[in-house]
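Note: the block below is data30.cif and it holds mmCIF, C-alpha atoms.
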data_structure
loop_
_atom_site.label_atom_id
_atom_site.label_comp_id
_atom_site.auth_asym_id
_atom_site.auth_seq_id
_atom_site.Cartn_x
_atom_site.Cartn_y
_atom_site.Cartn_z
CA MET A 117 -18.59 -7.69 -12.23
CA THR A 118 -20.23 -8.13 -8.82
CA GLU A 119 -23.59 -6.44 -8.35
CA LYS A 120 -23.69 -4.14 -5.35
CA SER A 121 -26.49 -4.71 -2.84
CA ASN A 122 -28.28 -2.19 -0.73
CA ARG A 123 -29.11 -4.91 1.87
CA ILE A 124 -26.32 -5.25 4.42
CA VAL A 125 -25.44 -6.31 7.95
CA LEU A 126 -23.70 -3.68 10.04
CA LYS A 127 -22.25 -4.04 13.53
CA GLY A 128 -22.43 -1.42 16.22
CA ILE A 129 -23.87 -0.40 19.57
CA ALA A 130 -27.66 -0.36 20.00
CA ASN A 131 -29.34 2.74 21.37
CA TRP A 132 -33.04 3.40 21.96
CA PRO A 133 -34.16 -0.03 20.67
CA ASN A 134 -37.92 -0.40 20.13
CA LEU A 135 -37.96 -4.02 19.01
CA ALA A 136 -40.85 -5.51 21.01
CA GLN A 137 -43.46 -2.79 20.50
CA PRO A 138 -43.63 -0.18 17.75
CA LYS A 139 -43.44 3.41 18.89
CA GLY A 140 -44.52 6.65 17.23
CA ILE A 141 -42.61 9.86 17.81
CA ASN A 142 -44.27 13.30 17.69
CA GLY A 143 -47.45 11.93 16.10
CA SER A 144 -45.68 9.87 13.45
CA PRO A 145 -46.88 6.32 12.67
CA ALA A 146 -45.68 3.69 15.13
CA LYS A 147 -42.60 1.77 13.98
CA TYR A 148 -40.05 -0.68 15.32
CA SER A 149 -36.71 1.06 15.48
CA LEU A 150 -33.12 1.13 16.61
CA CYS A 151 -30.35 3.69 16.58
CA LEU A 152 -27.06 2.02 15.58
CA ILE A 153 -23.87 3.72 16.77
CA ILE A 154 -20.76 2.95 14.71
CA PRO A 155 -17.30 4.07 15.91
CA LYS A 156 -15.50 6.25 13.35
CA ASP A 157 -12.48 3.94 13.44
CA ASP A 158 -14.55 0.92 12.26
CA ILE A 159 -13.54 1.43 8.63
CA GLU A 160 -14.77 -2.00 7.50
CA THR A 161 -18.34 -1.34 8.68
CA LEU A 162 -18.33 2.20 7.29
CA ASN A 163 -17.11 0.94 3.89
CA LYS A 164 -19.95 -1.64 3.81
CA TYR A 165 -22.41 1.15 4.56
CA GLN A 166 -20.96 3.40 1.83
CA ALA A 167 -21.18 0.64 -0.82
CA ALA A 168 -24.82 -0.05 0.09
CA LEU A 169 -25.59 3.69 0.08
CA GLU A 170 -24.17 4.03 -3.43
CA ALA A 171 -26.18 0.97 -4.58
CA ALA A 172 -29.40 2.45 -3.14
CA TYR A 173 -28.67 5.77 -4.82
CA ALA A 174 -27.98 4.13 -8.20
CA GLY A 175 -31.09 1.95 -7.91
CA GLY A 176 -33.27 4.87 -6.89
CA GLU A 177 -32.23 7.49 -9.45
CA LYS A 178 -35.67 7.53 -11.11
CA LYS A 179 -37.35 8.10 -7.76
CA LEU A 180 -34.90 10.85 -6.82
CA ALA A 181 -35.03 12.66 -10.18
CA THR A 182 -36.57 16.06 -10.62
CA GLY A 183 -37.48 16.19 -14.29
CA LYS A 184 -34.44 14.84 -16.12
CA SER A 185 -31.86 15.67 -13.47
CA VAL A 186 -30.90 13.59 -10.47
CA PRO A 187 -29.49 15.42 -7.42
CA LYS A 188 -26.00 14.43 -6.37
CA LEU A 189 -25.75 11.93 -3.51
CA SER A 190 -24.15 14.64 -1.37
CA ALA A 191 -27.23 16.87 -1.87
CA ILE A 192 -29.88 14.47 -0.53
CA ARG A 193 -30.73 13.22 2.94
CA CYS A 194 -28.86 10.12 4.05
CA PRO A 195 -29.40 7.99 7.15
CA ILE A 196 -25.93 8.29 8.65
CA HIS A 197 -25.12 11.21 10.95
CA ASP A 198 -21.99 12.43 12.73
CA GLY A 199 -22.42 12.05 16.49
CA ASP A 200 -19.76 14.66 17.28
CA VAL A 201 -21.68 17.25 15.23
CA ASP A 202 -25.31 16.31 15.92
CA LYS A 203 -25.06 15.15 19.53
CA PRO A 204 -22.18 17.06 21.14
CA GLY A 205 -21.63 16.26 24.79
CA GLN A 206 -23.43 12.90 24.61
CA GLU A 207 -20.75 10.37 25.48
CA ALA A 208 -22.43 7.46 23.66
CA TYR A 209 -22.10 9.32 20.33
CA ALA A 210 -18.56 10.65 20.77
CA ASN A 211 -16.19 9.80 17.91
CA SER A 212 -19.01 7.86 16.21
CA TYR A 213 -21.54 7.93 13.43
CA TYR A 214 -25.12 6.80 13.96
CA LEU A 215 -28.03 5.56 11.86
CA ASN A 216 -31.71 5.61 12.77
CA ILE A 217 -33.24 2.43 11.33
CA SER A 218 -36.94 1.57 11.39
CA SER A 219 -39.67 -0.70 10.03
CA LYS A 220 -43.45 -0.98 10.12
CA ASP A 221 -42.99 -4.75 10.48
CA ARG A 222 -41.60 -6.42 13.59
CA PRO A 223 -37.96 -7.41 12.98
CA ASP A 224 -36.57 -10.79 13.90
CA VAL A 225 -34.37 -10.61 17.00
CA VAL A 226 -31.90 -13.46 17.50
CA GLY A 227 -29.00 -14.40 19.71
CA ARG A 228 -25.47 -15.45 18.79
CA ASP A 229 -26.78 -18.90 17.81
CA LYS A 230 -29.35 -17.32 15.43
CA GLU A 231 -32.23 -18.60 17.59
CA PRO A 232 -35.03 -16.15 18.49
CA ILE A 233 -34.67 -14.23 21.76
CA ASP A 234 -36.89 -11.84 23.70
CA PRO A 235 -36.47 -8.42 22.03
CA ALA A 236 -36.25 -6.85 25.51
CA GLU A 237 -32.80 -8.47 25.87
CA VAL A 238 -31.46 -5.84 23.46
CA TYR A 239 -31.00 -2.58 25.37
CA SER A 240 -29.00 0.60 24.90
CA GLY A 241 -25.35 -0.39 25.18
CA CYS A 242 -25.50 -3.89 23.62
CA LEU A 243 -23.21 -4.85 20.74
CA VAL A 244 -25.42 -5.95 17.83
CA ASN A 245 -25.41 -6.94 14.20
CA VAL A 246 -28.25 -5.26 12.30
CA SER A 247 -29.66 -6.42 8.98
CA LEU A 248 -30.95 -3.41 7.05
CA ASN A 249 -31.67 -2.22 3.58
CA LEU A 250 -31.06 1.23 2.21
CA TYR A 251 -33.60 2.60 -0.26
CA ALA A 252 -34.40 5.85 -2.06
CA TYR A 253 -37.51 7.83 -1.20
CA ASN A 254 -39.24 10.90 -2.57
CA ALA A 255 -41.94 12.40 -0.35
CA GLY A 256 -43.84 14.30 -3.01
CA GLY A 257 -40.82 16.36 -4.00
CA VAL A 258 -40.70 17.94 -0.54
CA SER A 259 -38.05 15.59 0.79
CA LYS A 260 -35.76 13.21 -1.10
CA GLY A 261 -33.11 10.88 0.17
CA ILE A 262 -32.00 7.45 1.24
CA ALA A 263 -33.60 5.76 4.26
CA ALA A 264 -32.66 2.68 6.30
CA GLY A 265 -35.18 -0.15 6.74
CA LEU A 266 -34.81 -2.52 9.69
CA ASN A 267 -34.88 -6.26 8.84
CA GLY A 268 -33.44 -7.98 11.90
CA VAL A 269 -31.14 -7.73 14.91
CA GLN A 270 -28.61 -10.19 16.31
CA LEU A 271 -27.49 -9.68 19.90
CA VAL A 272 -23.72 -10.20 19.88
CA LYS A 273 -22.81 -9.16 23.42
CA LYS A 274 -24.55 -7.47 26.32
CA GLY A 275 -22.79 -4.25 27.20
CA THR A 276 -22.88 -1.61 29.86
CA ARG A 277 -26.36 -0.11 29.81
CA PHE A 278 -26.42 3.58 29.07
CA GLY A 279 -29.13 6.15 28.91
CA TRP A 280 -30.23 9.50 30.16
CA GLY A 281 -31.79 8.99 33.55
CA GLN A 282 -31.37 7.16 36.79
CA ARG A 283 -32.25 3.53 37.33
CA ALA A 284 -34.77 2.49 39.99
CA ARG A 285 -32.13 0.61 41.98
CA ASP A 286 -30.27 3.91 42.40
CA ASP A 287 -33.37 5.58 43.90
CA PHE A 288 -34.31 3.00 46.55
CA GLN A 289 -32.71 1.27 49.48
CA ALA A 290 -33.01 -2.43 50.20
CA LEU A 291 -35.88 -3.39 52.52
CA PRO A 292 -35.88 -6.15 55.13
CA ASP A 293 -37.77 -9.39 54.54
CA GLU A 294 -41.53 -9.19 55.10
CA ASP A 295 -41.23 -11.38 58.22
CA ASP A 296 -39.03 -8.82 59.98
CA GLU A 297 -41.65 -6.15 60.74
CA THR A 298 -39.61 -4.49 63.51
CA ASP A 299 -37.54 -2.49 61.00
CA ILE A 300 -40.44 -1.13 58.94
CA PRO A 301 -40.76 2.62 59.60
CA PHE A 302 -44.59 2.81 59.48
#
Translate this file's structure into C-alpha cells.
Amino acid sequence: MTEKSNRIVLKGIANWPNLAQPKGINGSPAKYSLCLIIPKDDIETLNKYQAALEAAYAGGEKKLATGKSVPKLSAIRCPIHDGDVDKPGQEAYANSYYLNISSKDRPDVVGRDKEPIDPAEVYSGCLVNVSLNLYAYNAGGVSKGIAAGLNGVQLVKKGTRFGWGQRARDDFQALPDEDDETDIPF
C-alpha cells in the first residue's frame, strides 16, 4: 500500500505573489505568500489536492480532536475556496478554485530549468507550479482546520498580467528626448 503524502506540487495561476518580501495583512505577522488559482476543469490537479488534504486530515486527527471525537473533514476549515462563490464578478477567479498559501520562511523561486530566479519575475497572471504541504492546526480550540504551507514556486510561463488597478504606462504619455527642449510644456 502506498503511503499518502500531504506534500504536493500543484499547478495553477499565481495571484498576489509576495515572494521577495514577507507581508502582513491587517496586523498579522509578515509572511511570504501566494494565491494559487486552479481551474475547475483541471481534475488531475484537484485530485492531487484532495489526496493530500485527506492525508493531512488523517495525520492531524489528534490535533483536531475535541476530547475523544474528531470533527469530520467537511466540518473544519480547509485552504481551498470556490472562486465563483467567494469572489463573484472577479474574472480571474471565475470557474476556478483558489488556495491561499503562505510561509514564515522565504520560499525558493525557480525557473523552468530549476535554477533560481528573481522572485519579482512571478506576478499575478503567471502559470506556476507550487510546492506546498497541507497540515492540521488547532488554534486553542477556537479555530481548527487544514492550512497550506508554501515551500517553493516554479515559474512555468509568464502570462497576461492581471490585477485591480491601472498600470503607470496607461496614465502617462511618452515624452520627447531630453535634448529636444522645444516640446516641453514648462
Around all of segment 223-228 of chain A's listed atoms, make the axis-aligned box with 4 Å on each side and tell me centre and edge lengths in Å to one decimal, as lines of an AutoDock Vina configuration file.
center_x = -31.7
center_y = -11.4
center_z = 16.3
size_x = 20.5
size_y = 16.0
size_z = 14.7
**Prompt:** Which residue out of A:Ile153, A:Leu135, A:Ala167, A:Val225 has the minimum interatomic distance to Lys203 of chain A when all atoms listed in the file are used?
**Reply:** A:Ile153
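Residue nearest Lys156 of chain A, chosen from A:Lys230, A:Lys178, A:His197, A:Lys220 and counting only C-alpha atoms: A:His197.
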**Distance of atom CA of Ser219 of chain A from atom CA of Glu231 of chain A, expressed in Å to one decimal place** = 20.8 Å
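For Ala171 of chain A, the set of protein, DNA and RNA residues having any atom at most 10 Å away, when counting only C-alpha atoms and skipping those fewer than 5 positions along the same chain, is Glu119, Lys120, Ser121, Asn122, Arg123, Tyr165, Gln166, Gly176, Leu250, Tyr251 and Ala252 of chain A.
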**Spatial neighbours of Asn245 of chain A, max dist 9 Å, only C-alpha atoms, sep filter under 2 positions, as an NGL selection string** = :A and (125-129 or 243 or 247 or 268-272)
